[in-house]
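Asker: Just one file: coords.csv, with CSV, C-alpha atoms and all ligand atoms.
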chain,number,residue,atom,x,y,z
A,5,MET,CA,-42.6,-60.6,33.2
A,6,ILE,CA,-44.8,-62.7,30.9
A,7,ASP,CA,-44.6,-59.9,28.4
A,8,GLN,CA,-40.8,-60.1,28.4
A,9,VAL,CA,-40.7,-63.9,28.1
A,10,SER,CA,-43.1,-63.8,25.2
A,11,LYS,CA,-41.2,-61.1,23.4
A,12,LEU,CA,-38.0,-63.1,23.9
A,13,PHE,CA,-39.5,-66.3,22.7
A,14,PHE,CA,-40.9,-64.7,19.5
A,15,HIS,CA,-37.7,-62.8,18.9
A,16,ALA,CA,-35.8,-66.2,19.0
A,17,LEU,CA,-38.4,-67.7,16.6
A,18,ALA,CA,-38.1,-64.7,14.3
A,19,GLY,CA,-34.5,-65.9,13.6
A,20,SER,CA,-35.7,-69.3,12.4
A,21,HIS,CA,-35.0,-69.8,8.7
A,22,THR,CA,-37.4,-72.8,8.4
A,23,LEU,CA,-40.2,-70.9,10.0
A,24,LYS,CA,-39.6,-67.9,7.8
A,25,THR,CA,-39.7,-70.1,4.7
A,26,LEU,CA,-42.8,-71.8,5.8
A,27,ALA,CA,-44.6,-68.6,6.8
A,28,SER,CA,-43.5,-66.7,3.7
A,29,ARG,CA,-44.9,-69.5,1.5
A,30,TYR,CA,-48.3,-69.5,3.1
A,31,GLY,CA,-48.8,-66.2,5.0
A,32,LEU,CA,-50.1,-63.9,2.2
A,33,ARG,CA,-50.9,-66.5,-0.4
A,34,ARG,CA,-54.6,-65.9,-0.5
A,35,ARG,CA,-56.8,-63.0,0.3
A,36,ASP,CA,-57.7,-64.6,3.6
A,37,SER,CA,-54.3,-66.0,4.5
A,38,PHE,CA,-53.2,-65.6,8.1
A,39,ALA,CA,-50.6,-62.8,7.8
A,40,ARG,CA,-53.1,-60.6,6.0
A,41,ARG,CA,-54.5,-59.6,9.3
A,42,PHE,CA,-51.4,-57.5,9.9
A,43,ILE,CA,-49.8,-57.0,6.5
A,44,ALA,CA,-51.5,-55.3,3.7
A,45,GLY,CA,-49.8,-57.4,1.0
A,46,GLU,CA,-46.5,-57.8,-0.8
A,47,THR,CA,-47.0,-55.0,-3.4
A,48,VAL,CA,-47.4,-51.2,-3.2
A,49,ASP,CA,-50.6,-51.6,-5.2
A,50,GLU,CA,-52.1,-53.7,-2.4
A,51,ALA,CA,-50.9,-51.2,0.2
A,52,ILE,CA,-52.5,-48.4,-1.8
A,53,ALA,CA,-55.7,-50.3,-2.0
A,54,ALA,CA,-55.7,-50.8,1.8
A,55,ALA,CA,-55.0,-47.1,2.3
A,56,ARG,CA,-58.0,-46.2,0.1
A,57,GLU,CA,-60.2,-48.4,2.2
A,58,LEU,CA,-58.9,-46.7,5.4
A,59,GLU,CA,-59.4,-43.2,3.9
A,60,ALA,CA,-63.0,-44.1,2.8
A,61,SER,CA,-63.8,-44.6,6.5
A,62,GLY,CA,-62.2,-41.3,7.5
A,63,LEU,CA,-58.9,-42.7,8.7
A,64,THR,CA,-55.4,-41.7,7.5
A,65,GLU,CA,-52.3,-43.8,7.1
A,66,THR,CA,-48.6,-44.1,6.9
A,67,LEU,CA,-47.2,-46.8,4.5
A,68,ASP,CA,-44.2,-48.8,5.5
A,69,LEU,CA,-42.3,-50.9,3.0
A,70,LEU,CA,-41.1,-53.6,5.3
A,71,GLY,CA,-37.4,-54.4,5.6
A,72,GLU,CA,-34.7,-54.1,8.2
A,73,SER,CA,-31.1,-55.0,9.0
A,74,VAL,CA,-29.8,-55.2,5.4
A,75,ALA,CA,-26.4,-56.8,5.2
A,76,THR,CA,-24.8,-55.1,2.2
A,77,MET,CA,-24.7,-51.6,0.6
A,78,ALA,CA,-26.2,-53.1,-2.5
A,79,GLU,CA,-29.3,-54.2,-0.5
A,80,ALA,CA,-29.5,-50.8,1.1
A,81,ASP,CA,-29.4,-49.1,-2.3
A,82,GLN,CA,-32.1,-51.5,-3.5
A,83,ALA,CA,-34.3,-50.6,-0.5
A,84,THR,CA,-33.7,-46.9,-1.1
A,85,ARG,CA,-34.7,-47.2,-4.7
A,86,ALA,CA,-37.7,-49.2,-3.7
A,87,TYR,CA,-38.7,-46.4,-1.4
A,88,LEU,CA,-38.2,-43.8,-4.1
A,89,ASP,CA,-40.5,-45.9,-6.3
A,90,VAL,CA,-43.1,-46.1,-3.5
A,91,ILE,CA,-43.0,-42.3,-3.2
A,92,GLU,CA,-43.7,-41.9,-6.9
A,93,ARG,CA,-46.5,-44.5,-6.8
A,94,ILE,CA,-48.2,-42.9,-3.8
A,95,ALA,CA,-47.9,-39.5,-5.3
A,96,LEU,CA,-49.6,-40.7,-8.5
A,97,SER,CA,-52.3,-42.6,-6.6
A,98,GLY,CA,-53.6,-39.5,-4.8
A,99,ILE,CA,-53.6,-41.2,-1.3
A,100,GLU,CA,-52.2,-39.4,1.7
A,101,ARG,CA,-48.4,-38.7,1.4
A,102,ASN,CA,-46.9,-40.3,4.5
A,103,ILE,CA,-44.4,-43.1,4.9
A,104,SER,CA,-42.4,-44.8,7.6
A,105,LEU,CA,-39.0,-46.4,7.3
A,106,LYS,CA,-36.2,-48.0,9.3
A,107,LEU,CA,-32.6,-46.8,9.1
A,108,THR,CA,-31.1,-50.4,9.2
A,109,GLN,CA,-33.1,-50.9,6.0
A,110,LEU,CA,-31.1,-48.1,4.5
A,111,GLY,CA,-27.8,-49.6,5.5
A,112,LEU,CA,-27.1,-48.2,9.0
A,113,THR,CA,-25.4,-51.3,10.2
A,114,VAL,CA,-23.2,-51.5,7.1
A,115,ASP,CA,-22.1,-47.9,6.7
A,116,ARG,CA,-23.6,-45.0,8.6
A,117,ALA,CA,-22.6,-42.3,6.2
A,118,THR,CA,-24.1,-44.1,3.2
A,119,SER,CA,-27.3,-44.8,5.2
A,120,VAL,CA,-27.6,-41.0,5.8
A,121,ASP,CA,-27.0,-40.3,2.1
A,122,ASN,CA,-29.8,-42.9,1.4
A,123,LEU,CA,-32.1,-41.2,3.8
A,124,ARG,CA,-31.4,-37.8,2.3
A,125,ARG,CA,-32.2,-39.2,-1.2
A,126,ILE,CA,-35.6,-40.3,0.2
A,127,LEU,CA,-36.2,-37.0,2.1
A,128,GLU,CA,-35.4,-35.0,-1.1
A,129,ALA,CA,-37.9,-36.9,-3.1
A,130,ALA,CA,-40.4,-36.8,-0.2
A,131,ALA,CA,-40.0,-33.0,0.1
A,132,THR,CA,-40.6,-32.6,-3.7
A,133,HIS,CA,-43.9,-34.4,-3.4
A,134,GLU,CA,-44.7,-33.0,0.1
A,135,PHE,CA,-44.5,-36.3,2.0
A,136,PHE,CA,-44.0,-36.7,5.7
A,137,VAL,CA,-41.3,-39.3,6.6
A,138,ARG,CA,-41.3,-41.0,9.9
A,139,ILE,CA,-38.1,-42.7,11.0
A,140,ASP,CA,-39.2,-45.8,13.0
A,141,MET,CA,-37.3,-46.6,16.2
A,142,GLU,CA,-35.5,-50.0,16.3
A,143,ASN,CA,-34.0,-51.7,19.3
A,144,SER,CA,-31.8,-49.9,21.9
A,145,PRO,CA,-28.4,-50.3,20.2
A,146,TYR,CA,-29.8,-47.9,17.5
A,147,THR,CA,-31.5,-45.3,19.7
A,148,ASP,CA,-28.6,-42.9,19.9
A,149,VAL,CA,-27.6,-43.1,16.3
A,150,THR,CA,-31.2,-42.9,15.1
A,151,LEU,CA,-31.8,-39.7,17.1
A,152,ASP,CA,-28.4,-38.3,16.0
A,153,ILE,CA,-29.3,-38.9,12.3
A,154,MET,CA,-32.7,-37.3,12.9
A,155,GLU,CA,-31.1,-34.2,14.3
A,156,THR,CA,-28.5,-34.1,11.5
A,157,VAL,CA,-31.1,-34.1,8.8
A,158,TRP,CA,-33.2,-31.6,10.8
A,159,ARG,CA,-30.3,-29.2,10.9
A,160,LEU,CA,-29.9,-29.7,7.2
A,161,ASP,CA,-33.4,-28.3,6.9
A,162,TYR,CA,-35.3,-31.5,6.2
A,163,ARG,CA,-38.4,-30.5,8.1
A,164,ASN,CA,-40.6,-33.2,6.6
A,165,ALA,CA,-39.2,-35.9,8.9
A,166,GLY,CA,-40.0,-37.1,12.4
A,167,VAL,CA,-39.0,-39.8,14.8
A,168,VAL,CA,-40.3,-42.3,17.4
A,169,LEU,CA,-39.6,-42.6,21.1
A,170,GLN,CA,-40.3,-45.7,23.2
A,171,SER,CA,-41.7,-45.3,26.7
A,172,CYS,CA,-40.0,-48.6,27.8
A,173,LEU,CA,-36.6,-46.9,27.6
A,174,ARG,CA,-35.4,-45.1,30.7
A,175,ARG,CA,-33.7,-42.4,28.6
A,176,SER,CA,-36.8,-41.3,26.7
A,177,PRO,CA,-37.8,-38.3,28.9
A,178,ALA,CA,-34.5,-36.6,28.1
A,179,ASP,CA,-34.9,-37.5,24.4
A,180,ALA,CA,-38.4,-36.1,24.4
A,181,ARG,CA,-37.2,-32.8,25.9
A,182,ARG,CA,-34.5,-32.6,23.2
A,183,MET,CA,-37.0,-33.4,20.3
A,184,ASN,CA,-39.5,-30.9,21.8
A,185,ALA,CA,-36.9,-28.1,22.0
A,186,LEU,CA,-36.0,-28.6,18.3
A,187,GLY,CA,-39.6,-28.9,17.2
A,188,ILE,CA,-39.2,-32.4,15.8
A,189,ARG,CA,-42.4,-34.4,15.6
A,190,VAL,CA,-42.5,-37.5,17.8
A,191,ARG,CA,-44.5,-40.7,17.6
A,192,LEU,CA,-44.8,-42.1,21.1
A,193,VAL,CA,-44.9,-45.9,21.5
A,194,LYS,CA,-44.3,-48.4,24.3
A,195,GLY,CA,-41.6,-50.3,22.4
A,196,ALA,CA,-41.7,-53.5,20.5
A,197,TYR,CA,-38.3,-55.0,21.3
A,198,LYS,CA,-37.0,-57.2,24.1
A,199,GLU,CA,-34.6,-54.8,25.9
A,200,PRO,CA,-32.2,-55.3,28.9
A,201,ARG,CA,-33.1,-54.2,32.4
A,202,ARG,CA,-30.2,-51.8,32.3
A,203,VAL,CA,-31.8,-49.6,29.7
A,204,ALA,CA,-35.5,-50.5,29.9
A,205,TYR,CA,-38.4,-51.0,32.3
A,206,GLN,CA,-39.4,-54.6,32.4
A,207,ARG,CA,-42.9,-54.3,34.0
A,208,LYS,CA,-45.9,-53.3,32.0
A,209,THR,CA,-47.0,-51.0,34.9
A,210,GLU,CA,-43.7,-49.1,34.6
A,211,VAL,CA,-43.8,-48.9,30.8
A,212,ASP,CA,-47.4,-47.6,31.0
A,213,ALA,CA,-46.6,-45.0,33.7
A,214,ALA,CA,-43.7,-43.8,31.6
A,215,PHE,CA,-46.0,-43.6,28.5
A,216,VAL,CA,-48.4,-41.4,30.4
A,217,ASP,CA,-45.6,-39.0,31.5
A,218,LEU,CA,-44.1,-38.8,28.0
A,219,MET,CA,-47.5,-38.3,26.5
A,220,LYS,CA,-48.1,-35.3,28.7
A,221,MET,CA,-44.7,-33.8,27.8
A,222,LEU,CA,-45.3,-34.3,24.1
A,223,LEU,CA,-48.8,-32.9,24.2
A,224,ALA,CA,-47.9,-29.9,26.3
A,225,GLU,CA,-44.6,-29.0,24.7
A,226,GLY,CA,-44.1,-31.0,21.5
A,227,THR,CA,-45.0,-30.5,17.8
A,228,TYR,CA,-48.0,-32.4,16.6
A,229,PRO,CA,-47.2,-35.6,18.5
A,230,ALA,CA,-48.6,-39.0,17.6
A,231,ILE,CA,-49.9,-41.1,20.4
A,232,ALA,CA,-49.4,-44.6,19.0
A,233,THR,CA,-51.1,-47.3,21.1
A,234,HIS,CA,-54.0,-49.7,21.2
A,235,ASP,CA,-54.2,-49.5,24.9
A,236,PRO,CA,-57.5,-48.0,26.0
A,237,ALA,CA,-56.0,-46.8,29.3
A,238,MET,CA,-53.4,-44.8,27.5
A,239,ILE,CA,-56.0,-43.4,25.1
A,240,VAL,CA,-58.3,-42.4,28.0
A,241,ALA,CA,-55.3,-40.7,29.7
A,242,ALA,CA,-54.3,-38.8,26.5
A,243,ARG,CA,-57.9,-37.6,25.9
A,244,ALA,CA,-58.2,-36.5,29.5
A,245,PHE,CA,-54.9,-34.5,29.4
A,246,ALA,CA,-55.8,-32.9,26.1
A,247,THR,CA,-59.2,-31.8,27.4
A,248,LYS,CA,-57.5,-30.4,30.6
A,249,GLU,CA,-55.0,-28.5,28.5
A,250,GLY,CA,-57.6,-27.3,26.1
A,251,LEU,CA,-55.9,-29.0,23.1
A,252,THR,CA,-58.2,-29.4,20.2
A,253,PRO,CA,-58.1,-32.7,18.1
A,254,GLU,CA,-56.1,-31.0,15.4
A,255,ARG,CA,-53.1,-30.6,17.7
A,256,PHE,CA,-52.2,-34.3,17.8
A,257,GLU,CA,-53.1,-37.7,16.4
A,258,PHE,CA,-53.7,-41.2,17.5
A,259,GLN,CA,-51.9,-44.0,15.6
A,260,MET,CA,-52.6,-47.7,15.5
A,261,LEU,CA,-51.3,-50.7,13.5
A,262,TYR,CA,-53.1,-52.1,10.5
A,263,GLY,CA,-55.4,-54.9,11.6
A,264,ILE,CA,-55.3,-54.2,15.3
A,265,ARG,CA,-58.3,-52.7,17.3
A,266,ARG,CA,-60.2,-51.6,14.2
A,267,ASP,CA,-63.1,-51.0,16.5
A,268,LEU,CA,-61.2,-48.5,18.5
A,269,GLN,CA,-59.8,-46.8,15.4
A,270,ALA,CA,-63.4,-46.3,14.1
A,271,GLN,CA,-64.7,-45.2,17.5
A,272,LEU,CA,-62.0,-42.5,18.0
A,273,ARG,CA,-62.6,-41.2,14.4
A,274,ALA,CA,-66.3,-41.1,15.0
A,275,GLU,CA,-65.6,-39.0,18.1
A,276,GLY,CA,-63.7,-36.5,16.0
A,277,PHE,CA,-60.1,-37.5,16.7
A,278,ARG,CA,-57.5,-37.9,14.0
A,279,VAL,CA,-56.4,-41.6,13.6
A,280,ARG,CA,-53.5,-42.7,11.4
A,281,VAL,CA,-53.1,-46.4,10.6
A,282,TYR,CA,-49.6,-47.8,10.1
A,283,VAL,CA,-49.9,-49.9,6.9
A,284,PRO,CA,-47.0,-52.4,6.5
A,285,PHE,CA,-46.4,-54.1,3.2
A,286,GLY,CA,-43.7,-55.9,1.2
A,287,ARG,CA,-42.0,-59.2,0.9
A,288,GLU,CA,-39.9,-58.8,4.1
A,289,TRP,CA,-42.8,-59.0,6.5
A,290,PHE,CA,-41.7,-61.9,8.7
A,291,PRO,CA,-39.8,-60.0,11.5
A,292,TYR,CA,-42.6,-57.4,11.8
A,293,PHE,CA,-45.2,-60.2,11.9
A,294,MET,CA,-43.3,-62.0,14.7
A,295,ARG,CA,-43.2,-58.9,16.8
A,296,ARG,CA,-47.0,-58.6,16.5
A,297,LEU,CA,-47.3,-62.2,17.7
A,298,GLY,CA,-44.9,-61.6,20.6
A,299,GLU,CA,-47.1,-58.8,21.8
A,300,ARG,CA,-50.1,-61.0,22.0
A,301,PRO,CA,-49.5,-64.7,22.2
A,302,ALA,CA,-53.3,-65.2,21.7
A,303,ASN,CA,-52.6,-64.3,18.0
A,304,VAL,CA,-50.7,-67.5,17.6
A,305,GLY,CA,-54.0,-69.5,17.7
A,306,PHE,CA,-55.3,-67.9,14.5
A,307,VAL,CA,-52.0,-68.2,12.8
A,308,ILE,CA,-51.8,-72.0,13.5
A,309,ARG,CA,-55.4,-72.4,12.4
A,310,GLY,CA,-54.6,-70.4,9.2
A,311,ILE,CA,-51.5,-72.5,8.4
A,312,ALA,CA,-53.4,-75.7,8.9
A,313,ARG,CA,-56.2,-74.5,6.7
A,314,ASP,CA,-54.0,-73.1,3.9
A,315,ARG,CA,-51.7,-76.1,3.5
B,1,LIG,C1,-48.5,-46.7,14.6
B,1,LIG,C2,-47.5,-47.5,15.4
B,1,LIG,C3,-46.2,-47.4,15.1
B,1,LIG,C4,-45.2,-48.1,15.8
B,1,LIG,N1,-43.9,-47.9,15.6
B,1,LIG,C5,-43.0,-48.5,16.4
B,1,LIG,C6,-41.6,-48.2,16.3
B,1,LIG,O1,-41.1,-47.4,15.5
B,1,LIG,N2,-40.7,-48.8,17.2
B,1,LIG,C7,-41.2,-49.7,18.2
B,1,LIG,O2,-40.4,-50.2,18.9
B,1,LIG,N3,-42.5,-50.0,18.3
B,1,LIG,C8,-43.4,-49.4,17.4
B,1,LIG,N4,-44.7,-49.7,17.6
B,1,LIG,C9,-45.1,-50.9,18.4
B,1,LIG,C10,-45.3,-50.5,19.9
B,1,LIG,O3,-44.0,-50.2,20.5
B,1,LIG,C11,-46.0,-51.6,20.7
B,1,LIG,O4,-45.2,-52.7,20.6
B,1,LIG,C12,-47.4,-52.0,20.2
B,1,LIG,O5,-48.1,-50.8,19.8
B,1,LIG,C13,-48.2,-52.6,21.3
B,1,LIG,O6,-48.3,-51.8,22.4
B,1,LIG,P1,-49.7,-51.0,22.9
B,1,LIG,O7,-49.3,-49.6,23.1
B,1,LIG,O8,-50.7,-51.2,21.9
B,1,LIG,O9,-50.0,-51.6,24.3
B,1,LIG,P2,-50.2,-53.1,24.8
B,1,LIG,O10,-50.3,-52.9,26.3
B,1,LIG,O11,-49.1,-54.0,24.3
B,1,LIG,O12,-51.5,-53.6,24.2
B,1,LIG,C14,-52.8,-53.0,24.6
B,1,LIG,C15,-53.9,-53.7,23.9
B,1,LIG,O13,-53.8,-53.5,22.5
B,1,LIG,C16,-54.1,-54.7,21.8
B,1,LIG,N5,-52.9,-55.2,21.1
B,1,LIG,C17,-51.6,-54.7,21.2
B,1,LIG,N6,-50.8,-55.4,20.4
B,1,LIG,C18,-51.5,-56.3,19.7
B,1,LIG,C19,-51.3,-57.3,18.8
B,1,LIG,N7,-50.0,-57.5,18.3
B,1,LIG,N8,-52.3,-58.1,18.3
B,1,LIG,C20,-53.5,-57.9,18.8
B,1,LIG,N9,-53.9,-56.9,19.7
B,1,LIG,C21,-52.9,-56.2,20.2
B,1,LIG,C22,-54.6,-55.7,22.8
B,1,LIG,O14,-56.0,-55.5,22.9
B,1,LIG,C23,-53.9,-55.2,24.0
B,1,LIG,O15,-54.6,-55.6,25.2
B,1,LIG,C24,-45.7,-49.0,16.9
B,1,LIG,C25,-47.0,-49.0,17.2
B,1,LIG,C26,-47.9,-48.3,16.5
B,1,LIG,C27,-49.4,-48.4,16.9
Let's see the structure in the file written out as structure tokens.
Ligand SMILES: Cc1cc2nc3c(=O)[nH]c(=O)nc-3n(C[C@H](O)[C@H](O)[C@H](O)COP(=O)(O)OP(=O)(O)OC[C@H]3O[C@@H](n4cnc5c(N)ncnc54)[C@H](O)[C@@H]3O)c2cc1C
Answerer:
Amino acid sequence: MIDQVSKLFFHALAGSHTLKTLASRYGLRRRDSFARRFIAGETVDEAIAAARELEASGLTETLDLLGESVATMAEADQATRAYLDVIERIALSGIERNISLKLTQLGLTVDRATSVDNLRRILEAAATHEFFVRIDMENSPYTDVTLDIMETVWRLDYRNAGVVLQSCLRRSPADARRMNALGIRVRLVKGAYKEPRRVAYQRKTEVDAAFVDLMKMLLAEGTYPAIATHDPAMIVAARAFATKEGLTPERFEFQMLYGIRRDLQAQLRAEGFRVRVYVPFGREWFPYFMRRLGERPANVGFVIRGIARDR
């Protein structure tokens, strides 16, 4: 219950223009500004530098140029070009070739067909440079269309793409079966959005139980699944299931967010597991940042201290 209230509260705050202006002014201003805990920086160079640090400690990464819900096709085109540039820059840098993106960033809410064209432009460039592209999952009004588009590009032979399923959604077991049958790579998460009871479990215990069930389905029948969580109980369950099924660490990976549970990331790596860190960067970091606060209201304390210090 408290989880849902907190998500709702921060979702509402995320819509505040004043807060966004204030946060954007101070959040990444200095090397130690408050948003830097979760955001690698505004530029691709800063993201690449963060990726190099992760790789030096044996971790891998996926880079996410933040942005979502663009309102015009011109913005969608701009975001697509920006991603094409990111692909070139990553390819030149020599870091691992793996990116994450959101379909509403490519214009999904403006014109579906054009957003698919934009995605194909990115997948083409990604294929040329041997990138993997993860299509993030947004809130439930977009679940169907995101999975449809994933299947469409898969059938068009773009095999360098994968998708995300959220354990909070009641529908996810059926979606996992469909993705597994096609061989599409899935990242499993709990879900970052406030969702209605009709479509989603509201209690943490239910979301966690569903996560464990889906994790087992994906590990047993899926293609190189990513178990994306910072929850030690979920990680223990995944490790136990992998051991029971005789799955070696090359068959799956753990994923965590930049700046969250670095200790756990390092520990899993030291124990021989693959760990990929999601590295968000870019100027449009505010909604992502607010979702991270909503997940853990204790984070608000360090933000307030950071703002007070930086002003
Ligand atoms: C790699 C990756 C990609 C993701 N992609 C998507 C996506 O495409 N769509 C989507 O809806 N969601 C996505 N998420 C977010 C996800 O849905 C959850 O909201 C988020 O991971 C928190 O859930 P949890 O599994 O860590 O468990 P929780 O039960 O929420 O947290 C477990 C523990 O993790 C730590 N923790 C969790 N969140 C925070 C935080 N913000 N700050 C500090 N500590 C924290 C705390 O120690 C907490 O006790 C992604 C998450 C990861 C790791």
Asker: At what distance in Å, to one decimal, does atom CA of Ser97 of chain A lie from atom CA of Gln269 of chain A?
Answerer: 23.6 Å
Asker: Show me which residues sit within 6 Å of ligand LIG 1 (chain B) when counting all atoms listed in the file, and put them as an NGL selection string.
Answerer: :A and (140-142 or 168 or 193-197 or 232-235 or 259-261 or 264 or 282 or 296-297 or 299-300)
Asker: Could the residues in this selection be written to a file with C-alpha atoms, as a PDB file, keeping the file's coordinate frame?
Answerer:
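Done, and the output landed in part.pdb:
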ATOM      1  CA  ASP A 140     -39.200 -45.800  13.000  1.00  0.00           C
ATOM      2  CA  MET A 141     -37.300 -46.600  16.200  1.00  0.00           C
ATOM      3  CA  GLU A 142     -35.500 -50.000  16.300  1.00  0.00           C
ATOM      4  CA  VAL A 168     -40.300 -42.300  17.400  1.00  0.00           C
ATOM      5  CA  VAL A 193     -44.900 -45.900  21.500  1.00  0.00           C
ATOM      6  CA  LYS A 194     -44.300 -48.400  24.300  1.00  0.00           C
ATOM      7  CA  GLY A 195     -41.600 -50.300  22.400  1.00  0.00           C
ATOM      8  CA  ALA A 196     -41.700 -53.500  20.500  1.00  0.00           C
ATOM      9  CA  TYR A 197     -38.300 -55.000  21.300  1.00  0.00           C
ATOM     10  CA  ALA A 232     -49.400 -44.600  19.000  1.00  0.00           C
ATOM     11  CA  THR A 233     -51.100 -47.300  21.100  1.00  0.00           C
ATOM     12  CA  HIS A 234     -54.000 -49.700  21.200  1.00  0.00           C
ATOM     13  CA  ASP A 235     -54.200 -49.500  24.900  1.00  0.00           C
ATOM     14  CA  GLN A 259     -51.900 -44.000  15.600  1.00  0.00           C
ATOM     15  CA  MET A 260     -52.600 -47.700  15.500  1.00  0.00           C
ATOM     16  CA  LEU A 261     -51.300 -50.700  13.500  1.00  0.00           C
ATOM     17  CA  ILE A 264     -55.300 -54.200  15.300  1.00  0.00           C
ATOM     18  CA  TYR A 282     -49.600 -47.800  10.100  1.00  0.00           C
ATOM     19  CA  ARG A 296     -47.000 -58.600  16.500  1.00  0.00           C
ATOM     20  CA  LEU A 297     -47.300 -62.200  17.700  1.00  0.00           C
ATOM     21  CA  GLU A 299     -47.100 -58.800  21.800  1.00  0.00           C
ATOM     22  CA  ARG A 300     -50.100 -61.000  22.000  1.00  0.00           C
TER      23      ARG A 300
END
Asker: Could you pull the residues within 6 Å of segment 285-288 of chain A, counting only C-alpha atoms, minus those fewer than 2 positions along the same chain, as an MDAnalysis selection string?
Answerer: chainID A and resid 43:47 69:71 290
Asker: Might you pull out every residue within 7 Å of Val74 of chain A, with all atoms listed in the file counted and same-chain residues fewer than 2 positions away left off, and present them as JSON, numbers by chain?
Answerer: {"A": [72, 76, 79, 80, 108, 109, 111]}
Asker: Could you write out the selected residues, including C-alpha atoms, as a CSV table (one decimal), in the coordinates of the input?
Answerer:
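Wrote it out as selection.csv, contents follow:
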chain,number,residue,atom,x,y,z
A,72,GLU,CA,-34.7,-54.1,8.2
A,76,THR,CA,-24.8,-55.1,2.2
A,79,GLU,CA,-29.3,-54.2,-0.5
A,80,ALA,CA,-29.5,-50.8,1.1
A,108,THR,CA,-31.1,-50.4,9.2
A,109,GLN,CA,-33.1,-50.9,6.0
A,111,GLY,CA,-27.8,-49.6,5.5
Asker: What does the distance between atom CA of Glu50 of chain A and atom CA of Leu67 of chain A come to in Å, to one decimal place?
Answerer: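 Computed distance, atom CA of Glu50 of chain A to atom CA of Leu67 of chain A, equals 10.9 Å.
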Asker: Skip Thr118 of chain A itself and residues of its chain fewer than 6 positions away, then list as a list in words all residues within 10 Å of it, counting only C-alpha atoms.
Answerer: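 Non-adjacent residues within range: Met77, Ala80, Asp81, Leu110, Gly111, Leu112 and Arg124 of chain A.
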Asker: Atoms to include: C-alpha atoms. Write the selected residues as an mmCIF file, in the frame of the given file.
Answerer:
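Written output follows (out.cif):
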data_model
loop_
_atom_site.group_PDB
_atom_site.id
_atom_site.type_symbol
_atom_site.label_atom_id
_atom_site.label_comp_id
_atom_site.auth_asym_id
_atom_site.auth_seq_id
_atom_site.Cartn_x
_atom_site.Cartn_y
_atom_site.Cartn_z
ATOM 1 C CA MET A 77 -24.700 -51.600 0.600
ATOM 2 C CA ALA A 80 -29.500 -50.800 1.100
ATOM 3 C CA ASP A 81 -29.400 -49.100 -2.300
ATOM 4 C CA LEU A 110 -31.100 -48.100 4.500
ATOM 5 C CA GLY A 111 -27.800 -49.600 5.500
ATOM 6 C CA LEU A 112 -27.100 -48.200 9.000
ATOM 7 C CA ARG A 124 -31.400 -37.800 2.300
#
Asker: Do you know which residues are at most 7 Å from segment 84-92 of chain A counting all atoms listed in the file, after dropping those on the same chain fewer than 2 positions away, and could you put them as number ranges by chain?
Answerer: A: 48, 80-82, 94-96, 110, 122, 126, 129-130
Asker: I'd like the interatomic distance between atom CA of Met294 of chain A and atom CA of Leu222 of chain A, to a tenth of an Å.
Answerer: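 That distance, rounded to one decimal, is 29.3 Å.
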Asker: Within 12 Å of (-25.9, -41.3, 7.8) in the file's own coordinates, which protein, DNA or RNA residues have an atom, counting all atoms listed in the file? List them as a list in words.
Answerer: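 Checking each residue against the 12 Å limit leaves Leu107, Thr108, Leu110, Gly111, Leu112, Thr113, Val114, Asp115, Arg116, Ala117, Thr118, Ser119, Val120, Asp121, Asn122, Leu123, Arg124, Arg125, Val149, Thr150, Leu151, Asp152, Ile153, Met154, Glu155, Thr156 and Val157 of chain A.
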Asker: Looking at A:Arg207, A:Arg138, A:Arg202, A:Lys24, which one is nearest to Asn102 of chain A, with distances taken over all atoms listed in the file?
Answerer: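 Closest to Asn102 of chain A, using all atoms listed in the file: A:Arg138.
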Asker: Quick one: residues within 7 Å of Val137 of chain A, all atoms listed in the file counted, chain neighbours fewer than 2 positions away excluded, as a count of residues only?
Answerer: 8
Asker: A:Arg56, A:Arg93, A:Arg201, A:Arg189: which is nearest Thr227 of chain A, counting all atoms listed in the file?
Answerer: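 Selected residue with least distance to Thr227 of chain A: A:Arg189.
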Asker: Because the input lacks atoms here, generate N, CA and C atoms for segment 284-290 of chain A and report them as a CSV table (one decimal), in the coordinates of the input.
Answerer:
chain,number,residue,atom,x,y,z
A,284,PRO,N,-48.2,-51.7,6.9
A,284,PRO,CA,-47.0,-52.4,6.5
A,284,PRO,C,-47.3,-53.3,5.3
A,285,PHE,N,-46.3,-53.3,4.4
A,285,PHE,CA,-46.4,-54.1,3.2
A,285,PHE,C,-45.0,-54.5,2.7
A,286,GLY,N,-45.0,-55.5,1.8
A,286,GLY,CA,-43.7,-55.9,1.2
A,286,GLY,C,-43.4,-57.3,1.5
A,287,ARG,N,-42.3,-57.8,0.8
A,287,ARG,CA,-42.0,-59.2,0.9
A,287,ARG,C,-41.3,-59.6,2.2
A,288,GLU,N,-40.7,-58.6,2.9
A,288,GLU,CA,-39.9,-58.8,4.1
A,288,GLU,C,-40.8,-58.6,5.3
A,289,TRP,N,-41.9,-59.3,5.4
A,289,TRP,CA,-42.8,-59.0,6.5
A,289,TRP,C,-42.6,-59.9,7.7
A,290,PHE,N,-41.8,-60.9,7.6
A,290,PHE,CA,-41.7,-61.9,8.7
A,290,PHE,C,-41.3,-61.3,10.1
